[in-house]
Every structure is written in structure tokens, then in C-alpha cells.
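One structure below.
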Amino acid sequence: MYPALAIAEAATTQRPDTKLHFVGSPGGMERGLVRQAGLDFDRYDEVQAGPVHGVGPLRMVVSAAKLAVGTLQAFGLMVRSRPDVILLTGGWSSLPVAVVGWILRVPILIYLPDIEPGLTIKVLSPFARQVAVTVNDSQAFFPAGKTVVTGYPLRRAFQEATRENGRMHFGLDPMRKTLLVFGGSLGSRAVNHALLDILPELLADAVQVIHVTGTRTWDEVEQRKNALGNPPGYLAFPYLHDDMSLALAAADLVVSRAGASVLGELPQFGLPSILIPLAYFWRYQQRNADWLAQRGAAVHLAENDMAQGLLPVIRDILGNQERLRNMQAAAQSLAQPDGALNVAQALAQLAEGG
């Protein structure tokens with residue numbers, strides 16, 4: 001969602017006469033995020049869809065029926081709006097749109113945020129004329145000549161946030177190191193527990209902590225926070241939207257999962273990181289973590305090693321100024337601040353027949 005909104009923001013900045021039409025999934029989180037984005041969407045619609053991989057036979061039949069309905073819905077939307085170009089960023093709701101766009105010969109561009117494409121992107125890619133990728137390594141997964149390397153699309157807030165503004169916003173002590181911990185919008189129970197287990201030691205080390213717990217796990221984190229007496233230097237939030245850019249700008253070190261955003265947001269702020277990919281999930285998070293770790297910008301810590309390894313690694317990085325500076329420089333060297341503009345320009349070229 002966030003790369004899509006960043007690209008839409010860049011497209012309307014580049015060409016103010018651009019009309020935006022968003023197609024999401026019923027009951028999904030898209031509608032709320034589109035509303036929060038503050039962009040002038042001409043239309044917002046939803047189409048039925050469902051997963052057809054990794055599900056039981058009954059769920060597959062239901063998903064197939066939803067996809068058939070969604071394709072009819074997408075056809076009606078497309079005939080009415082007559083788009084010049086289609087941007088897809090994944091999700092099963094993209095499939096009906098891709099099929100209809102291909103039938104109507106509307107040029108399609110896919111943006112791949114991760115290093116390696118997941119199943120949805122693999123299914124969608126035959127319908128697309130071009131695939132925009134975050135880094136060069138992703139080109140190996142697609143036919144020669146089909147990809148364009150753009151960088152990760154960042155919203156304007158991430159390009160404008162400063163360290164000083166971040167510290168002021170959260171009331172941080174500039175004389176203390178700041179650790180930012182998050183595990184995605186819903187949150188990671190494993191990451192949250194690992195942090196709370198070592199929180200007293202971190203605070204004793206004069207480390208201040210911004211903890212984005214995720215909405216799903218907020219209640220239990222709040223209970224543990226209260227049990228610790230709401231310690232000073234520990235700031236916990238269920239979710240940060242626009243404030244997330246300021247949290248990243250203020251931080252010295254990040255502990256997080258290894259979703260696609262780490263490839264764009266952490267380099268943008270020159271942020272060293274300890275990345276903990278999901279242990280039992282599609283390997284894209286493992287590849288994202290490895291990509292940054294191999295370039296000296298991150299430490300890849302296995303989830304099973306968190307209990308024993310997290311505190312020593314945090315202390316080793318924050319307590320070693322040379323290592324911290326080297327990781328900062330490595331992260332900064334990977335920054336591609338024009339990702340959103342690059343994808344928007346690729347879309348404009350396709351729309352114009354390029």
C-alpha cells in the first residue's frame with residue numbers, strides 16, 4: 001500500500017492533471033490508508049478476489065468464484081474509467097484488474113518492493129509490460145528487458161523528516177542513543193516479547209526506546225508496560241502513520257522484521273538495523289535481510305536466536321562508535337530517494353505509448 005501511495009503522490013506532483021482510480025479489496029485495509037493519504041482520488045472501488053495457493057480445496061473453490069466475480073467487476077470499472085495505464089503492487093485483488101487490463105490492452109506496470117517476487121507477483125507478471133524493481137538483484141527473476149530499477153518509492157514525509165524534528169516530536173534526549181523497534185502494522189508478538197524481556201537492561205544502559213507494537217498486540221504490551229511502572233525513556237505506540245518517518249529520523253538503530261520497506265526506509269535515513277525475518281514464512285524476508293546484511297548495513301538475526309542474541313547485538317552496535325558509523329555509511333550508500341518519481345515516470349512513458 002505505502003509504495004502505491006508514494007507513487008500516486010509523485011505522479012500527481014509530476015503531472016497535476018493526473019486522475020487517480022484506486023481498486024482495492026472488500027474489507028481490506030486499503031480504504032482507510034487511501035483516506036489518510038490525503039491524495040485526491042477520482043474514484044475508489046473494490047473487487048472480489050481470494051488466494052488460490054496454500055489453501056484447502058473448499059477455500060480454493062470460494063476464491064475461484066470470487067475471482068470470477070471480481071473479473072466482471074473489474075471489467076465494468078475499466079470500461080467506465082478507461083485508464084491510460086495500470087499500476088499493480090501485489091495482492092490477489094490485482095489479478096482481476098490485471099486480466100481485464102490485458103484483455104483491453106491497457107499497459108500494466110508492476111512494482112516489486114521485495115528482492116524476490118512472491119507468488120502473486122509471479123502470477124501477475126505475464127500480464128505486465130514492465131516490472132519496476134527496487135534493486136538490481138531482482139532482475140534475475142524476470143525475462144531480460146522487462147524490468148526497470150527504480151528504487152523503493154518513499155512518501156514525501158520520509159524525504160522531509162529530519163533528526164532534529166524527530167527528536168522534538170517524541171521528546172527524546174539528544175544525549176542518549178535511540179532504539180526503534182517495530183514488527184509491522186499488525187505487530188510481531190515474538191519481537192515485542194524479546195524487547196520487553198531486555199527493556200530494563202536497555203534503559204539501564206541509557207538507551208531510549210521507541211516501540212511500535214502493532215495494533216494486534218497492543219493490549220498485552222500495554223499491560224507489561226504498566227507492570228514495569230511506565231518507565232521513562234520507553235515510548236510505546238500501537239501504530240505510527242505519518243509519525244513513522246519522524247521515528248526513523250530520530251533513531252540510531254532499528255530492530256524490525258524484514259519486510260520490503262526496510263530496503264527503502266532504512267537507507268533513506270542511513271539507519272543500521274538488526275533484522276529478524278519471519279521464521280516460518282515465504283523466504284522474501286530472509287532475502288531482504290541478507291541483502292542489507294551482506295552490504296554491511298544490517299545484522300541478520302534469526303528469530304530463534306532472539307532470546308539470547310538480541311541484547312548482546314544491540315549493545316555491540318550502540319557501544320561501538322566505529323561499527324555504528326560504518327553501518328550508517330553502508331546504509332546511506334544504498335539510498336535511492338527518487339524511487340517514487342522513477343516509477344511515476346515509467347508509468348507516464350507507458351501511458352504515452354513508450
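Letters for chains follow the order of the C-alpha cells (A, B, ...), residue numbers begin at 1 for each chain, and ligand numbers begin at 1 in the order shown.
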Would you list the contacts of region 33-46 of chain A as an MDAnalysis selection string, taking every protein, DNA or RNA residue within 8 Å and counting only C-alpha atoms, but skipping same-chain residues closer than 2 positions in sequence?
-> chainID A and resid 1 5 8:9 19:26 29:31 48
What does the file look like for those residues with N, CA and C atoms, as a PDB file, in the first residue's frame?
```pdb
ATOM      1  N   MET A   1       0.813  -1.209   0.000  1.00  0.00           N
ATOM      2  CA  MET A   1       0.000   0.000   0.000  1.00  0.00           C
ATOM      3  C   MET A   1       0.851   1.266   0.000  1.00  0.00           C
ATOM      4  N   LEU A   5       0.891   4.381  -2.692  1.00  0.00           N
ATOM      5  CA  LEU A   5       0.505   5.753  -2.360  1.00  0.00           C
ATOM      6  C   LEU A   5       1.645   6.727  -2.646  1.00  0.00           C
ATOM      7  N   ALA A   8       1.571   7.309  -6.363  1.00  0.00           N
ATOM      8  CA  ALA A   8       0.445   8.179  -6.710  1.00  0.00           C
ATOM      9  C   ALA A   8       0.757   9.626  -6.348  1.00  0.00           C
ATOM     10  N   GLU A   9       1.382   9.822  -5.196  1.00  0.00           N
ATOM     11  CA  GLU A   9       1.775  11.171  -4.763  1.00  0.00           C
ATOM     12  C   GLU A   9       2.752  11.791  -5.760  1.00  0.00           C
ATOM     13  N   LYS A  19      -5.410  11.776 -13.074  1.00  0.00           N
ATOM     14  CA  LYS A  19      -6.571  11.287 -12.331  1.00  0.00           C
ATOM     15  C   LYS A  19      -6.248   9.922 -11.744  1.00  0.00           C
ATOM     16  N   LEU A  20      -6.542   9.758 -10.468  1.00  0.00           N
ATOM     17  CA  LEU A  20      -6.225   8.528  -9.744  1.00  0.00           C
ATOM     18  C   LEU A  20      -7.487   7.713  -9.499  1.00  0.00           C
ATOM     19  N   HIS A  21      -7.410   6.419  -9.774  1.00  0.00           N
ATOM     20  CA  HIS A  21      -8.522   5.499  -9.531  1.00  0.00           C
ATOM     21  C   HIS A  21      -7.948   4.308  -8.771  1.00  0.00           C
ATOM     22  N   PHE A  22      -8.355   4.137  -7.516  1.00  0.00           N
ATOM     23  CA  PHE A  22      -7.815   3.051  -6.691  1.00  0.00           C
ATOM     24  C   PHE A  22      -8.796   1.884  -6.665  1.00  0.00           C
ATOM     25  N   VAL A  23      -8.278   0.685  -6.859  1.00  0.00           N
ATOM     26  CA  VAL A  23      -9.089  -0.529  -6.763  1.00  0.00           C
ATOM     27  C   VAL A  23      -8.499  -1.396  -5.658  1.00  0.00           C
ATOM     28  N   GLY A  24      -9.291  -1.657  -4.636  1.00  0.00           N
ATOM     29  CA  GLY A  24      -8.844  -2.463  -3.502  1.00  0.00           C
ATOM     30  C   GLY A  24      -9.705  -3.689  -3.327  1.00  0.00           C
ATOM     31  N   SER A  25      -9.633  -4.278  -2.138  1.00  0.00           N
ATOM     32  CA  SER A  25     -10.377  -5.499  -1.838  1.00  0.00           C
ATOM     33  C   SER A  25     -11.401  -5.217  -0.746  1.00  0.00           C
ATOM     34  N   PRO A  26     -12.559  -5.845  -0.800  1.00  0.00           N
ATOM     35  CA  PRO A  26     -13.594  -5.621   0.218  1.00  0.00           C
ATOM     36  C   PRO A  26     -13.091  -5.995   1.610  1.00  0.00           C
ATOM     37  N   MET A  29      -7.546  -3.220   4.310  1.00  0.00           N
ATOM     38  CA  MET A  29      -7.078  -2.016   4.994  1.00  0.00           C
ATOM     39  C   MET A  29      -6.877  -0.853   4.023  1.00  0.00           C
ATOM     40  N   GLU A  30      -7.077  -1.112   2.731  1.00  0.00           N
ATOM     41  CA  GLU A  30      -6.751  -0.105   1.721  1.00  0.00           C
ATOM     42  C   GLU A  30      -7.562   1.182   1.878  1.00  0.00           C
ATOM     43  N   ARG A  31      -8.852   1.045   2.115  1.00  0.00           N
ATOM     44  CA  ARG A  31      -9.725   2.225   2.131  1.00  0.00           C
ATOM     45  C   ARG A  31      -9.263   3.234   3.190  1.00  0.00           C
ATOM     46  N   GLN A  48     -13.878  -8.293  -5.839  1.00  0.00           N
ATOM     47  CA  GLN A  48     -13.744  -9.564  -5.127  1.00  0.00           C
ATOM     48  C   GLN A  48     -12.501 -10.317  -5.599  1.00  0.00           C
TER      49      GLN A  48
END
```
Within 9 Å of Leu311 (chain A), counting only C-alpha atoms, which residues show up once you throw out same-chain ones fewer than 5 positions away? Write them as a VMD selection string, please.
-> chain A and resid 195 198 201 to 202 306 316
Selection export as a PDB file, in the first residue's frame, atoms kept: N, CA and C atoms:
```pdb
ATOM      1  N   LEU A 195      11.878  -7.761  23.080  1.00  0.00           N
ATOM      2  CA  LEU A 195      12.264  -6.421  23.532  1.00  0.00           C
ATOM      3  C   LEU A 195      11.907  -6.211  24.996  1.00  0.00           C
ATOM      4  N   ILE A 198      14.213  -7.571  27.642  1.00  0.00           N
ATOM      5  CA  ILE A 198      15.517  -6.927  27.857  1.00  0.00           C
ATOM      6  C   ILE A 198      15.387  -5.430  28.107  1.00  0.00           C
ATOM      7  N   GLU A 201      17.361  -3.717  31.024  1.00  0.00           N
ATOM      8  CA  GLU A 201      18.798  -3.613  30.750  1.00  0.00           C
ATOM      9  C   GLU A 201      19.094  -2.480  29.772  1.00  0.00           C
ATOM     10  N   LEU A 202      18.253  -2.332  28.751  1.00  0.00           N
ATOM     11  CA  LEU A 202      18.465  -1.259  27.785  1.00  0.00           C
ATOM     12  C   LEU A 202      18.330   0.111  28.448  1.00  0.00           C
ATOM     13  N   MET A 306      16.762 -14.816  19.075  1.00  0.00           N
ATOM     14  CA  MET A 306      16.467 -13.514  19.681  1.00  0.00           C
ATOM     15  C   MET A 306      16.649 -13.508  21.195  1.00  0.00           C
ATOM     16  N   ASP A 316      26.521  -4.299  21.282  1.00  0.00           N
ATOM     17  CA  ASP A 316      27.743  -4.279  20.487  1.00  0.00           C
ATOM     18  C   ASP A 316      27.705  -3.164  19.441  1.00  0.00           C
TER      19      ASP A 316
END
```
Kindly provide the residues of region 33-84 of chain A that approach region 94-116 of chain A to within 6 Å, each paired with its closest atom pair and their distance in Å to one decimal, based on only C-alpha atoms, listed by chain and increasing number, as CSV.
```
residue,atom,partner,partner_atom,distance
A:Gly70,CA,A:Pro96,CA,5.7
A:Thr71,CA,A:Pro96,CA,4.4
A:Ala74,CA,A:Val97,CA,5.5
A:Phe75,CA,A:Val100,CA,5.8
```
What would the file look like if the residues just selected were written as a compact mmCIF listing (two decimals), in the first residue's frame with C-alpha atoms?
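After the write, selection.txt holds the following:
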```txt
# COMPACT_ATOMS: atom_id res chain seq x y z
CA GLY A 70 -14.04 -9.74 -9.38
CA THR A 71 -13.13 -10.02 -13.03
CA ALA A 74 -13.08 -5.03 -12.90
CA PHE A 75 -14.38 -5.14 -16.46
```
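In this model, the gap between CA of Gly339 (chain A) and CA of Val181 (chain A) comes to 24.7 Å.
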Which one is closest to Tyr239 (chain A): A:His211, A:Arg295, A:Lys122, A:Arg15? Count only C-alpha atoms.
->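 Among the listed residues, the smallest separation from Tyr239 (chain A) belongs to A:His211.
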Calculate how many Å separate CA of Lys66 (chain A) from CA of Ala49 (chain A), rounding to one decimal.
-> 4.9 Å
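CA of Pro337 (chain A) is found 26.6 Å from CA of Leu124 (chain A).
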Contacts of Trp218 (chain A) at 12 Å (only C-alpha atoms; same-chain gap of 3+ positions) as a list in words | Phe182, Gly183, Ser185, Leu186, Gly187, Ser188, Arg189, Asn192, His193, His211, Val212, Thr213, Gly214, Thr215, Val221, Glu222, Gln223, Arg224, Lys225, Ala236, Phe237, Pro238 and Tyr239 of chain A
Out of A:Gly233, A:Gly118, A:Pro174, A:Gly166, which residue has the shortest atom-to-atom distance to Leu199 (chain A) when counting only C-alpha atoms?
-> A:Gly233
Among the residues A:Ala4, A:Arg323, A:Leu334, A:Asp305, the one that comes closest to Pro153 (chain A) [using only C-alpha atoms] =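 Nearest to Pro153 (chain A): A:Ala4.
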Region 90-319 of chain A: which residues are strand (DSSP E or B) by DSSP, as number ranges by chain?
-> A: 108-112, 130-133, 147-149, 177-182, 207-212, 234-237, 253-256, 273-275, 298-300
Across A:Leu196, A:Leu179, A:Leu58, A:Met78, the smallest distance to Ile314 (chain A), with only C-alpha atoms counted, is shown by A:Leu179
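Between Thr89 (chain A) and the residues A:Ala329, A:Val313, A:Ala6, A:Met244, the shortest atom-to-atom distance, using only C-alpha atoms, involves A:Ala6.
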Using DSSP on the backbone coordinates, identify all residues within region 86-236 of chain A classified as alpha helix (DSSP H); present the result as a ChimeraX atom specification.
-> /A:94-103,119-124,156-160,163-170,189-204,218-227
